[in-house]
file entry19.pdb (PDB, C-alpha atoms and all ligand atoms)
ATOM      1  CA  MET A  54     -15.026  23.610  22.321
ATOM      2  CA  LYS A  55     -15.303  27.295  23.215
ATOM      3  CA  GLY A  56     -13.167  29.669  25.214
ATOM      4  CA  ASN A  57      -9.505  30.347  25.636
ATOM      5  CA  ILE A  58      -8.043  27.262  27.268
ATOM      6  CA  SER A  59      -6.998  24.561  24.815
ATOM      7  CA  LEU A  60      -8.972  21.629  26.130
ATOM      8  CA  ILE A  61      -8.004  18.508  24.291
ATOM      9  CA  GLY A  62     -10.964  16.383  23.218
ATOM     10  CA  ASN A  63     -14.672  16.572  23.955
ATOM     11  CA  TYR A  64     -16.638  16.329  27.136
ATOM     12  CA  GLY A  65     -18.466  13.058  26.689
ATOM     13  CA  SER A  66     -21.357  13.363  29.078
ATOM     14  CA  ASP A  67     -23.285  16.316  30.474
ATOM     15  CA  TRP A  68     -23.577  17.453  34.093
ATOM     16  CA  ILE A  69     -26.712  18.613  35.897
ATOM     17  CA  ARG A  70     -27.632  21.922  37.507
ATOM     18  CA  TYR A  71     -30.884  22.943  39.153
ATOM     19  CA  SER A  72     -32.472  26.386  38.774
ATOM     20  CA  ASP A  73     -32.174  27.008  42.493
ATOM     21  CA  TYR A  74     -30.528  25.591  45.616
ATOM     22  CA  GLU A  75     -31.129  26.071  49.321
ATOM     23  CA  PHE A  76     -29.256  25.567  52.564
ATOM     24  CA  LYS A  77     -30.513  23.067  55.112
ATOM     25  CA  GLU A  78     -29.211  22.242  58.543
ATOM     26  CA  ALA A  79     -29.032  18.589  59.524
ATOM     27  CA  SER A  80     -29.733  17.299  63.035
ATOM     28  CA  ASP A  81     -25.974  17.314  63.785
ATOM     29  CA  GLY A  82     -25.777  21.059  63.003
ATOM     30  CA  ASP A  83     -23.935  20.686  59.688
ATOM     31  CA  VAL A  84     -25.125  22.894  56.835
ATOM     32  CA  TYR A  85     -25.918  21.269  53.508
ATOM     33  CA  ILE A  86     -26.753  22.652  50.100
ATOM     34  CA  THR A  87     -29.451  20.943  48.066
ATOM     35  CA  PRO A  88     -31.724  21.642  45.060
ATOM     36  CA  ALA A  89     -34.678  23.805  46.130
ATOM     37  CA  GLY A  90     -38.130  22.248  46.300
ATOM     38  CA  GLU A  91     -39.595  23.723  43.115
ATOM     39  CA  ALA A  92     -36.339  23.890  41.140
ATOM     40  CA  SER A  93     -36.119  22.473  37.618
ATOM     41  CA  TYR A  94     -32.951  21.028  36.079
ATOM     42  CA  THR A  95     -30.954  21.536  32.909
ATOM     43  CA  MET A  96     -28.049  19.497  31.603
ATOM     44  CA  TYR A  97     -24.975  21.384  30.389
ATOM     45  CA  ASN A  98     -21.454  20.822  29.147
ATOM     46  CA  PRO A  99     -18.838  22.051  31.676
ATOM     47  CA  PHE A 100     -16.203  22.302  28.902
ATOM     48  CA  ASN A 101     -18.283  25.121  27.353
ATOM     49  CA  VAL A 102     -17.948  27.215  30.509
ATOM     50  CA  ALA A 103     -14.462  26.021  31.449
ATOM     51  CA  GLU A 104     -12.866  29.411  32.201
ATOM     52  CA  ASP A 105     -15.768  30.716  34.305
ATOM     53  CA  LEU A 106     -15.952  27.428  36.186
ATOM     54  CA  ILE A 107     -12.290  27.580  37.250
ATOM     55  CA  ILE A 108     -12.310  31.307  38.030
ATOM     56  CA  ASP A 109     -15.545  31.128  40.055
ATOM     57  CA  LEU A 110     -14.235  28.186  42.089
ATOM     58  CA  ILE A 111     -10.889  29.858  42.825
ATOM     59  CA  ASN A 112     -12.715  33.030  43.894
ATOM     60  CA  ILE A 113     -14.637  30.945  46.436
ATOM     61  CA  GLY A 114     -11.370  29.357  47.570
ATOM     62  CA  ASP A 115      -9.707  32.779  47.912
ATOM     63  CA  LEU A 116     -12.577  34.103  50.031
ATOM     64  CA  ALA A 117     -12.492  31.008  52.245
ATOM     65  CA  LEU A 118      -8.698  31.208  52.710
ATOM     66  CA  LYS A 119      -9.022  34.870  53.649
ATOM     67  CA  LEU A 120     -11.726  34.044  56.222
ATOM     68  CA  GLU A 121      -9.472  31.366  57.695
ATOM     69  CA  LYS A 122      -6.969  34.073  58.610
ATOM     70  CA  ASN A 123      -9.433  36.774  59.566
ATOM     71  CA  GLU A 124     -13.075  36.003  60.322
ATOM     72  CA  ASP A 125     -15.426  38.716  59.081
ATOM     73  CA  LYS A 126     -19.211  38.460  59.223
ATOM     74  CA  ASN A 127     -19.869  40.270  55.942
ATOM     75  CA  GLU A 128     -17.253  38.279  54.085
ATOM     76  CA  ARG A 129     -18.721  35.041  55.464
ATOM     77  CA  LYS A 130     -22.098  36.117  54.027
ATOM     78  CA  GLU A 131     -20.411  36.916  50.731
ATOM     79  CA  LEU A 132     -18.844  33.439  50.649
ATOM     80  CA  ILE A 133     -22.217  31.747  51.249
ATOM     81  CA  LYS A 134     -23.775  33.867  48.487
ATOM     82  CA  GLU A 135     -20.977  32.957  46.057
ATOM     83  CA  ILE A 136     -21.458  29.251  46.740
ATOM     84  CA  LEU A 137     -25.177  29.544  46.074
ATOM     85  CA  LEU A 138     -24.466  31.312  42.763
ATOM     86  CA  PHE A 139     -21.848  28.679  41.915
ATOM     87  CA  THR A 140     -24.299  25.801  42.379
ATOM     88  CA  ARG A 141     -26.950  27.588  40.309
ATOM     89  CA  LYS A 142     -24.429  27.939  37.487
ATOM     90  CA  TYR A 143     -22.752  24.529  37.712
ATOM     91  CA  GLY A 144     -24.618  22.271  40.148
ATOM     92  CA  LEU A 145     -23.162  20.279  43.057
ATOM     93  CA  ILE A 146     -19.693  18.788  42.521
ATOM     94  CA  GLY A 147     -20.439  15.057  42.779
ATOM     95  CA  LEU A 148     -18.271  14.251  45.792
ATOM     96  CA  ILE A 149     -20.075  10.948  46.375
ATOM     97  CA  CYS A 150     -18.455   9.680  43.136
ATOM     98  CA  ALA A 151     -15.128  11.476  43.444
ATOM     99  CA  SER A 152     -14.291  10.295  46.966
ATOM    100  CA  VAL A 153     -14.231   6.506  46.427
ATOM    101  CA  TYR A 154     -12.658   4.004  44.052
ATOM    102  CA  ASN A 155     -15.973   2.191  43.477
ATOM    103  CA  ARG A 156     -17.657   2.965  40.164
ATOM    104  CA  ASP A 157     -21.345   2.265  40.792
ATOM    105  CA  ILE A 158     -21.258   2.579  44.602
ATOM    106  CA  ILE A 159     -24.977   1.755  44.920
ATOM    107  CA  GLY A 160     -25.279  -1.993  45.358
ATOM    108  CA  ASP A 161     -21.683  -2.517  46.518
ATOM    109  CA  ASP A 162     -21.280  -3.825  50.058
ATOM    110  CA  ILE A 163     -18.240  -1.757  50.946
ATOM    111  CA  VAL A 164     -16.792   1.452  49.523
ATOM    112  CA  LEU A 165     -13.050   2.148  49.402
ATOM    113  CA  LEU A 166     -12.245   5.776  50.024
ATOM    114  CA  ILE A 167      -9.470   7.554  48.170
ATOM    115  CA  GLU A 168      -6.623   9.055  50.181
ATOM    116  CA  ASN A 169      -7.066  12.651  51.333
ATOM    117  CA  ASN A 170     -10.746  12.676  50.431
ATOM    118  CA  ILE A 171     -12.786  15.578  51.766
ATOM    119  CA  ILE A 172     -15.563  13.466  53.300
ATOM    120  CA  THR A 173     -14.016  11.324  56.012
ATOM    121  CA  GLY A 174     -10.785  10.012  57.490
ATOM    122  CA  GLU A 175     -12.010   6.436  57.162
ATOM    123  CA  LYS A 176     -10.528   4.159  54.519
ATOM    124  CA  MET A 177     -13.469   1.859  54.099
ATOM    125  CA  MET A 178     -17.159   2.162  54.812
ATOM    126  CA  GLU A 179     -20.386   0.234  54.474
ATOM    127  CA  GLU A 180     -22.150   1.383  51.321
ATOM    128  CA  SER A 181     -25.357   2.367  53.132
ATOM    129  CA  LYS A 182     -23.499   4.390  55.765
ATOM    130  CA  TYR A 183     -21.497   6.144  53.061
ATOM    131  CA  VAL A 184     -24.500   6.976  50.864
ATOM    132  CA  GLU A 185     -26.575   8.216  53.815
ATOM    133  CA  GLN A 186     -24.164  11.128  54.233
ATOM    134  CA  PHE A 187     -25.331  12.544  50.916
ATOM    135  CA  ILE A 188     -29.068  12.153  51.478
ATOM    136  CA  PRO A 189     -29.647  13.301  55.082
ATOM    137  CA  PHE A 190     -33.032  14.877  54.325
ATOM    138  CA  VAL A 191     -34.796  12.090  52.410
ATOM    139  CA  GLU A 192     -38.147  10.935  53.630
ATOM    140  CA  LYS A 193     -39.544   7.451  53.326
ATOM    141  CA  GLY A 194     -40.273   6.643  49.681
ATOM    142  CA  ASP A 195     -38.218   9.514  48.195
ATOM    143  CA  VAL A 196     -35.398   7.234  47.027
ATOM    144  CA  GLU A 197     -35.181   3.488  47.111
ATOM    145  CA  PHE A 198     -32.313   1.221  46.155
ATOM    146  CA  ARG A 199     -33.636  -2.033  44.754
ATOM    147  CA  ARG A 200     -31.182  -4.882  44.514
ATOM    148  CA  TYR A 201     -31.800  -7.576  41.926
ATOM    149  CA  LYS A 202     -29.730 -10.640  41.181
ATOM    150  CA  ASN A 203     -27.487  -8.967  38.586
ATOM    151  CA  ASN A 204     -28.124  -5.299  39.014
ATOM    152  CA  VAL A 205     -29.395  -2.553  41.227
ATOM    153  CA  ASP A 206     -31.889   0.199  40.527
ATOM    154  CA  VAL A 207     -32.417   3.639  42.015
ATOM    155  CA  VAL A 208     -36.135   4.441  42.242
ATOM    156  CA  LYS A 209     -36.830   8.136  42.801
ATOM    157  CA  ARG A 210     -40.011  10.031  43.575
ATOM    158  CA  GLU A 211     -39.383  12.633  40.837
ATOM    159  CA  ASP A 212     -38.313  12.782  37.196
ATOM    160  CA  SER A 213     -34.565  13.533  37.098
ATOM    161  CA  PRO A 214     -32.394  11.655  34.536
ATOM    162  CA  LYS A 215     -31.876   7.911  34.714
ATOM    163  CA  TYR A 216     -29.100   6.131  32.845
ATOM    164  CA  HIS A 217     -30.103   2.465  33.033
ATOM    165  CA  GLY A 218     -26.517   1.393  33.552
ATOM    166  CA  LYS A 219     -25.025   3.536  30.763
ATOM    167  CA  ARG A 220     -23.396   5.716  33.395
ATOM    168  CA  PRO A 221     -22.587   4.676  36.986
ATOM    169  CA  VAL A 222     -25.800   3.851  38.870
ATOM    170  CA  VAL A 223     -24.918   6.364  41.577
ATOM    171  CA  LEU A 224     -25.462   9.224  39.085
ATOM    172  CA  ASP A 225     -29.193   8.432  39.173
ATOM    173  CA  LEU A 226     -28.963   9.583  42.783
ATOM    174  CA  VAL A 227     -26.519  12.478  42.242
ATOM    175  CA  PHE A 228     -28.785  13.972  39.571
ATOM    176  CA  SER A 229     -31.880  13.780  41.768
ATOM    177  CA  LYS A 230     -33.310  16.536  43.961
ATOM    178  CA  PHE A 231     -32.542  14.460  47.035
ATOM    179  CA  TYR A 232     -28.756  14.591  46.651
ATOM    180  CA  THR A 233     -26.951  17.114  48.880
ATOM    181  CA  GLU A 234     -23.427  18.142  49.768
ATOM    182  CA  LYS A 235     -22.061  19.783  52.887
ATOM    183  CA  LEU A 236     -21.196  23.427  52.452
ATOM    184  CA  ASN A 237     -17.804  22.750  54.064
ATOM    185  CA  TRP A 238     -16.945  20.044  51.550
ATOM    186  CA  ILE A 239     -17.392  22.486  48.674
ATOM    187  CA  ILE A 240     -15.402  25.129  50.551
ATOM    188  CA  ASP A 241     -12.579  22.629  51.217
ATOM    189  CA  PHE A 242     -12.362  21.702  47.555
ATOM    190  CA  ALA A 243     -12.305  25.370  46.489
ATOM    191  CA  LYS A 244      -9.562  26.074  49.041
ATOM    192  CA  LEU A 245      -7.538  23.156  47.723
ATOM    193  CA  ILE A 246      -7.579  24.425  44.120
ATOM    194  CA  SER A 247      -6.927  27.988  45.239
ATOM    195  CA  SER A 248      -3.946  26.928  47.396
ATOM    196  CA  HIS A 249      -2.633  24.728  44.617
ATOM    197  CA  PHE A 250      -2.667  27.689  42.249
ATOM    198  CA  ASN A 251      -0.879  29.870  44.820
ATOM    199  CA  GLN A 252       1.823  27.232  45.243
ATOM    200  CA  LEU A 253       2.162  26.905  41.502
ATOM    201  CA  LEU A 254       2.669  30.670  41.120
ATOM    202  CA  ILE A 255       5.369  30.614  43.796
ATOM    203  CA  TYR A 256       7.268  27.873  41.941
ATOM    204  CA  LYS A 257       6.707  29.591  38.588
ATOM    205  CA  ASN A 258       8.284  32.751  39.890
ATOM    206  CA  THR A 259      11.345  30.876  41.101
ATOM    207  CA  THR A 260      12.041  29.285  37.706
ATOM    208  CA  GLY A 261      15.741  29.080  37.172
ATOM    209  CA  GLN A 262      16.317  27.989  40.730
ATOM    210  CA  LEU A 263      14.451  24.712  40.376
ATOM    211  CA  THR A 264      16.792  21.929  39.326
ATOM    212  CA  GLU A 265      14.323  19.080  39.175
ATOM    213  CA  ASN A 266      10.569  18.531  38.802
ATOM    214  CA  VAL A 267       8.494  19.563  41.784
ATOM    215  CA  THR A 268       5.115  17.904  42.228
ATOM    216  CA  ILE A 269       2.842  20.595  43.584
ATOM    217  CA  MET A 270       0.885  19.506  46.663
ATOM    218  CA  ALA A 271       1.603  15.866  45.904
ATOM    219  CA  GLY A 272      -1.063  13.613  47.399
ATOM    220  CA  LYS A 273      -3.464  16.485  48.070
ATOM    221  CA  PHE A 274      -3.971  17.327  44.428
ATOM    222  CA  HIS A 275      -4.264  13.804  43.119
ATOM    223  CA  PRO A 276      -7.439  13.390  41.054
ATOM    224  CA  HIS A 277      -8.881   9.917  40.647
ATOM    225  CA  LYS A 278     -11.305   8.250  38.248
ATOM    226  CA  ILE A 279     -10.400  10.161  35.102
ATOM    227  CA  GLY A 280     -12.074   8.275  32.287
ATOM    228  CA  PHE A 281     -11.907   8.733  28.549
ATOM    229  CA  THR A 282     -12.547   6.910  25.365
ATOM    230  CA  ILE A 283     -11.935   7.550  21.667
ATOM    231  CA  ASP A 284     -14.647   8.904  19.374
ATOM    232  CA  GLN A 285     -14.781   9.082  15.599
ATOM    233  CA  LEU A 286     -16.913  11.507  13.598
ATOM    234  CA  ASP A 287     -15.184  13.911  11.176
ATOM    235  CA  GLU A 288     -12.043  13.525  13.181
ATOM    236  CA  THR A 289     -10.710  11.190  15.835
ATOM    237  CA  ASN A 290     -11.154  12.657  19.272
ATOM    238  CA  ILE A 291     -10.621  11.983  22.952
ATOM    239  CA  SER A 292     -13.997  11.869  24.665
ATOM    240  CA  TRP A 293     -13.701  12.556  28.388
ATOM    241  CA  ASP A 294     -15.994  10.609  30.605
ATOM    242  CA  PHE A 295     -16.169  11.901  34.167
ATOM    243  CA  ASP A 296     -18.632  10.881  36.849
ATOM    244  CA  SER A 297     -18.210  14.033  38.921
ATOM    245  CA  LEU A 298     -17.935  17.754  38.389
ATOM    246  CA  LYS A 299     -14.990  17.664  40.816
ATOM    247  CA  THR A 300     -12.881  15.527  38.475
ATOM    248  CA  THR A 301     -14.006  17.658  35.530
ATOM    249  CA  ILE A 302     -12.824  20.805  37.321
ATOM    250  CA  GLU A 303      -9.489  19.199  38.240
ATOM    251  CA  THR A 304      -8.927  18.196  34.626
ATOM    252  CA  ILE A 305      -9.897  21.613  33.188
ATOM    253  CA  TYR A 306      -7.657  23.249  35.784
ATOM    254  CA  ALA A 307      -4.746  21.041  34.730
ATOM    255  CA  PHE A 308      -5.279  22.045  31.086
ATOM    256  CA  ALA A 309      -5.603  25.720  32.073
ATOM    257  CA  VAL A 310      -2.344  25.949  34.003
ATOM    258  CA  THR A 311      -0.340  24.037  31.413
ATOM    259  CA  ASP A 312      -1.716  25.768  28.310
ATOM    260  CA  GLU A 313       1.038  27.816  26.643
ATOM    261  CA  THR A 314      -1.327  29.827  24.438
ATOM    262  CA  THR A 315      -3.206  31.455  27.328
ATOM    263  CA  ARG A 316      -2.174  33.052  30.582
ATOM    264  CA  MET A 317      -3.714  32.078  33.893
ATOM    265  CA  ASP A 318      -2.422  34.321  36.644
ATOM    266  CA  ARG A 319      -3.394  36.648  39.466
ATOM    267  CA  CYS A 320      -4.163  40.294  38.690
ATOM    268  CA  LYS A 321      -1.255  42.621  39.555
ATOM    269  CA  HIS A 322      -3.791  45.108  40.922
ATOM    270  CA  CYS A 323      -6.547  43.173  42.772
ATOM    271  CA  ASN A 324      -5.015  39.668  43.018
ATOM    272  CA  SER A 325      -8.094  37.962  41.474
ATOM    273  CA  VAL A 326      -7.382  35.067  39.180
ATOM    274  CA  TYR A 327      -7.879  35.542  35.427
ATOM    275  CA  ILE A 328      -7.403  33.629  32.211
ATOM    276  CA  ALA A 329      -6.422  35.701  29.176
ATOM    277  CA  SER A 330      -5.853  34.814  25.538
ATOM    278  CA  ASN A 331      -2.991  37.324  25.409
ATOM    279  CA  VAL A 332      -0.065  35.834  27.344
ATOM    280  CA  ARG A 333       1.289  39.319  28.164
ATOM    281  CA  THR A 334      -1.868  40.379  30.057
ATOM    282  CA  LYS A 335      -1.156  41.335  33.671
ATOM    283  CA  TYR A 336      -4.567  42.470  34.884
ATOM    284  CA  CYS A 337      -7.928  40.747  35.305
ATOM    285  CA  SER A 338      -9.876  43.548  33.600
ATOM    286  CA  SER A 339      -9.444  46.861  31.820
ATOM    287  CA  SER A 340     -10.673  48.679  34.936
ATOM    288  CA  CYS A 341      -7.868  47.114  37.030
ATOM    289  CA  ARG A 342      -5.341  48.021  34.334
ATOM    290  CA  ASN A 343      -6.607  51.645  34.348
ATOM    291  CA  LEU A 344      -6.557  51.853  38.140
ATOM    292  CA  ALA A 345      -3.003  50.485  38.200
ATOM    293  CA  ASN A 346      -1.927  53.064  35.580
ATOM    294  CA  VAL A 347      -3.504  55.909  37.561
ATOM    295  CA  GLN A 348      -1.668  54.694  40.653
ATOM    296  CA  LYS A 349       1.625  54.498  38.768
ATOM    297  CA  SER A 350       1.309  58.025  37.347
ATOM    298  CA  ARG A 351       0.394  59.413  40.797
ATOM    299  CA  GLU A 352       3.483  57.798  42.265
ATOM    300  CA  ARG A 353       5.578  59.233  39.436
ATOM    301  CA  LYS A 354       4.228  62.745  40.096
ATOM    302  CA  LYS A 355       4.946  62.400  43.809
ATOM    303  CA  GLY A 356       8.480  61.190  43.100
TER
HETATM  304 ZN    ZN A 401      -7.982  42.918  38.983
END
call {"tool": "encode", "arguments": {"input": "entry19.pdb", "output": "structure tokens", "more": "lines below"}}
Ligand SMILES: [Zn+2]
result
Amino acid sequence: MKGNISLIGNYGSDWIRYSDYEFKEASDGDVYITPAGEASYTMYNPFNVAEDLIIDLINIGDLALKLEKNEDKNERKELIKEILLFTRKYGLIGLICASVYNRDIIGDDIVLLIENNIITGEKMMEESKYVEQFIPFVEKGDVEFRRYKNNVDVVKREDSPKYHGKRPVVLDLVFSKFYTEKLNWIIDFAKLISSHFNQLLIYKNTTGQLTENVTIMAGKFHPHKIGFTIDQLDETNISWDFDSLKTTIETIYAFAVTDETTRMDRCKHCNSVYIASNVRTKYCSSSCRNLANVQKSRERKKG
């Protein structure tokens, strides 16, 4: 485990990212983000980039929340660019897994959607209808779902990882080049984490006035399908087993905001989020600290 946040345990299974992503518009006008045609993939451990992952996502959420209040063409472009960079660094977030209770999804008749999911207001859906939302650009023969008596197989026209039942079957699809997510889904998730952090800071700053536990954004921030097991090598360890980057992010975020040895806060100068190993840090960077000091001394001179 690297970095500042004390993450308990190991990340059991790697996530995928492609070298490049592109935006595609579906026939209904919705914009999707998907691995680019010639892109190659690498597997990585999100726990090793935990701080950057959280900060980058909250920055996207901040930009999106700002645009909600005040639409600006240049800032919209900036948001799109940030999302592209995010996917190149971390991949898509695995919403197909994170939005339903079903484990394998592929091969089930019906999927049960979790409450307040980002995808749809429906509570139940036919598996094929549900899965189609994540593969709107596939052509005949790209991906096939073969049902056998006791299992189901995902046959892909490319060479992305296959797990042969060791991980949920749906990951064979998520890790392929054919899997896509709507731009707005990613934006909605980033906004949710960003808003949650804002709420948390409000409550934190009113400590002393709270007389009982407050659940922050109850129902809205309510991660599902958090799996773990116990590993033994030199020491006994929790081994986290997530089937989506979304759940991974939610878990890292929960560790980050509850960790007493680091400080996660917003910069007193530029309001960006930062995570610092010194709990007395008030700025995101030394340049913000310097700028704030210059400002303070100017105000002192004026006064
Ligand atoms: Zn700053």
call {"tool": "resolve_selection", "arguments": {"input": "entry19.pdb", "expression": "the PyMOL selection byres (((not hetatm)) within 6 of (chain A and resi 401))", "output": "ChimeraX atom specification"}}
result
/A:320,322-325,336-338,341
call {"tool": "residues_around", "arguments": {"input": "entry19.pdb", "residues": "range 298-315 of chain A", "least_positions_apart": "2", "cutoff": "10 Å", "atoms": "all atoms listed in the file", "output": "ChimeraX atom specification"}}
result
/A:57-61,64,67-69,99-100,103-104,106-108,110,143-148,150-152,239,242-243,246,250,253-254,274-280,293-296,317-318,328-334
call {"tool": "residues_near_point", "arguments": {"input": "entry19.pdb", "point": "(-9.8, 2.2, 46.3)", "cutoff": "8 Å", "atoms": "only C-alpha atoms", "output": "PyMOL selection string"}}
result
chain A and resi 153-155+164-167
call {"tool": "resolve_selection", "arguments": {"input": "entry19.pdb", "expression": "the PyMOL selection byres (((chain A and resi 78) around 12) and not hetatm)", "output": "PyMOL selection string"}}
result
chain A and resi 75-77+79-87+189-190+233-236
call {"tool": "axis_aligned_box", "arguments": {"input": "entry19.pdb", "around": "range 283-299 of chain A", "padding_each_side": "6 Å", "output": "lines of an AutoDock Vina configuration file"}}
result
center_x = -14.6
center_y = 12.7
center_z = 26.0
size_x = 20.0
size_y = 22.2
size_z = 41.6
call {"tool": "atom_distance", "arguments": {"input": "entry19.pdb", "atom1": "CA of Arg199 in chain A", "atom2": "CA of Ile149 in chain A"}}
result
18.8 Å
call {"tool": "residues_around", "arguments": {"input": "entry19.pdb", "residues": "range 135-142 of chain A", "least_positions_apart": "5", "cutoff": "8 Å", "atoms": "all atoms listed in the file", "output": "MDAnalysis selection string"}}
result
chainID A and resid 70:75 109:110 113
call {"tool": "resolve_selection", "arguments": {"input": "entry19.pdb", "expression": "the PyMOL selection byres (((chain A and resi 215) around 8) and not hetatm)", "output": "ChimeraX atom specification"}}
result
/A:213-214,216-217,224-225
call {"tool": "closest_residue", "arguments": {"input": "entry19.pdb", "among": "A:Val267, A:Leu344, A:Ile255, A:Ile158", "to": "Arg220 in chain A", "atoms": "only C-alpha atoms"}}
result
A:Ile158
call {"tool": "closest_residue", "arguments": {"input": "entry19.pdb", "among": "A:Asn290, A:Ser229, A:Gln252, A:Thr282", "to": "Tyr94 in chain A", "atoms": "all atoms listed in the file"}}
result
A:Ser229
call {"tool": "closest_residue", "arguments": {"input": "entry19.pdb", "among": "A:Asn346, A:Ser93, A:Asn237, A:Ser247", "to": "Glu211 in chain A", "atoms": "all atoms listed in the file"}}
result
A:Ser93
call {"tool": "atom_distance", "arguments": {"input": "entry19.pdb", "atom1": "CA of Asp161 in chain A", "atom2": "CA of Asp195 in chain A"}}
result
20.5 Å
call {"tool": "closest_residue", "arguments": {"input": "entry19.pdb", "among": "A:Ile133, A:Lys257, A:Asp125, A:Asn63", "to": "Asn101 in chain A", "atoms": "only C-alpha atoms"}}
result
A:Asn63
call {"tool": "decode", "arguments": {"input": "entry19.pdb", "residues": "range 115-127 of chain A", "atoms": "N, CA and C atoms", "output": "PDB file, in the first residue's frame"}}
result
ATOM      1  N   ASP A 115     -16.613  18.904  -8.999  1.00  0.00           N
ATOM      2  CA  ASP A 115     -16.637  20.355  -8.725  1.00  0.00           C
ATOM      3  C   ASP A 115     -16.948  21.141  -9.990  1.00  0.00           C
ATOM      4  N   LEU A 116     -16.247  20.768 -11.080  1.00  0.00           N
ATOM      5  CA  LEU A 116     -16.458  21.450 -12.365  1.00  0.00           C
ATOM      6  C   LEU A 116     -17.912  21.301 -12.818  1.00  0.00           C
ATOM      7  N   ALA A 117     -18.435  20.081 -12.681  1.00  0.00           N
ATOM      8  CA  ALA A 117     -19.805  19.802 -13.122  1.00  0.00           C
ATOM      9  C   ALA A 117     -20.816  20.568 -12.267  1.00  0.00           C
ATOM     10  N   LEU A 118     -20.575  20.661 -10.961  1.00  0.00           N
ATOM     11  CA  LEU A 118     -21.496  21.392 -10.077  1.00  0.00           C
ATOM     12  C   LEU A 118     -21.477  22.886 -10.412  1.00  0.00           C
ATOM     13  N   LYS A 119     -20.298  23.385 -10.756  1.00  0.00           N
ATOM     14  CA  LYS A 119     -20.155  24.784 -11.124  1.00  0.00           C
ATOM     15  C   LYS A 119     -20.937  25.064 -12.419  1.00  0.00           C
ATOM     16  N   LEU A 120     -20.827  24.153 -13.384  1.00  0.00           N
ATOM     17  CA  LEU A 120     -21.518  24.309 -14.665  1.00  0.00           C
ATOM     18  C   LEU A 120     -23.035  24.253 -14.503  1.00  0.00           C
ATOM     19  N   GLU A 121     -23.478  23.513 -13.477  1.00  0.00           N
ATOM     20  CA  GLU A 121     -24.906  23.397 -13.211  1.00  0.00           C
ATOM     21  C   GLU A 121     -25.487  24.773 -12.868  1.00  0.00           C
ATOM     22  N   LYS A 122     -24.678  25.548 -12.139  1.00  0.00           N
ATOM     23  CA  LYS A 122     -25.127  26.882 -11.716  1.00  0.00           C
ATOM     24  C   LYS A 122     -24.951  27.899 -12.823  1.00  0.00           C
ATOM     25  N   ASN A 123     -23.877  27.746 -13.595  1.00  0.00           N
ATOM     26  CA  ASN A 123     -23.493  28.779 -14.547  1.00  0.00           C
ATOM     27  C   ASN A 123     -22.832  28.140 -15.766  1.00  0.00           C
ATOM     28  N   GLU A 124     -23.618  27.941 -16.821  1.00  0.00           N
ATOM     29  CA  GLU A 124     -23.088  27.275 -18.011  1.00  0.00           C
ATOM     30  C   GLU A 124     -22.047  28.150 -18.712  1.00  0.00           C
ATOM     31  N   ASP A 125     -20.901  27.551 -19.008  1.00  0.00           N
ATOM     32  CA  ASP A 125     -19.821  28.284 -19.665  1.00  0.00           C
ATOM     33  C   ASP A 125     -19.172  27.336 -20.669  1.00  0.00           C
ATOM     34  N   LYS A 126     -19.100  27.767 -21.916  1.00  0.00           N
ATOM     35  CA  LYS A 126     -18.625  26.908 -22.995  1.00  0.00           C
ATOM     36  C   LYS A 126     -17.215  26.375 -22.756  1.00  0.00           C
ATOM     37  N   ASN A 127     -16.321  27.245 -22.326  1.00  0.00           N
ATOM     38  CA  ASN A 127     -14.928  26.831 -22.104  1.00  0.00           C
ATOM     39  C   ASN A 127     -14.812  25.857 -20.951  1.00  0.00           C
TER      40      ASN A 127
END
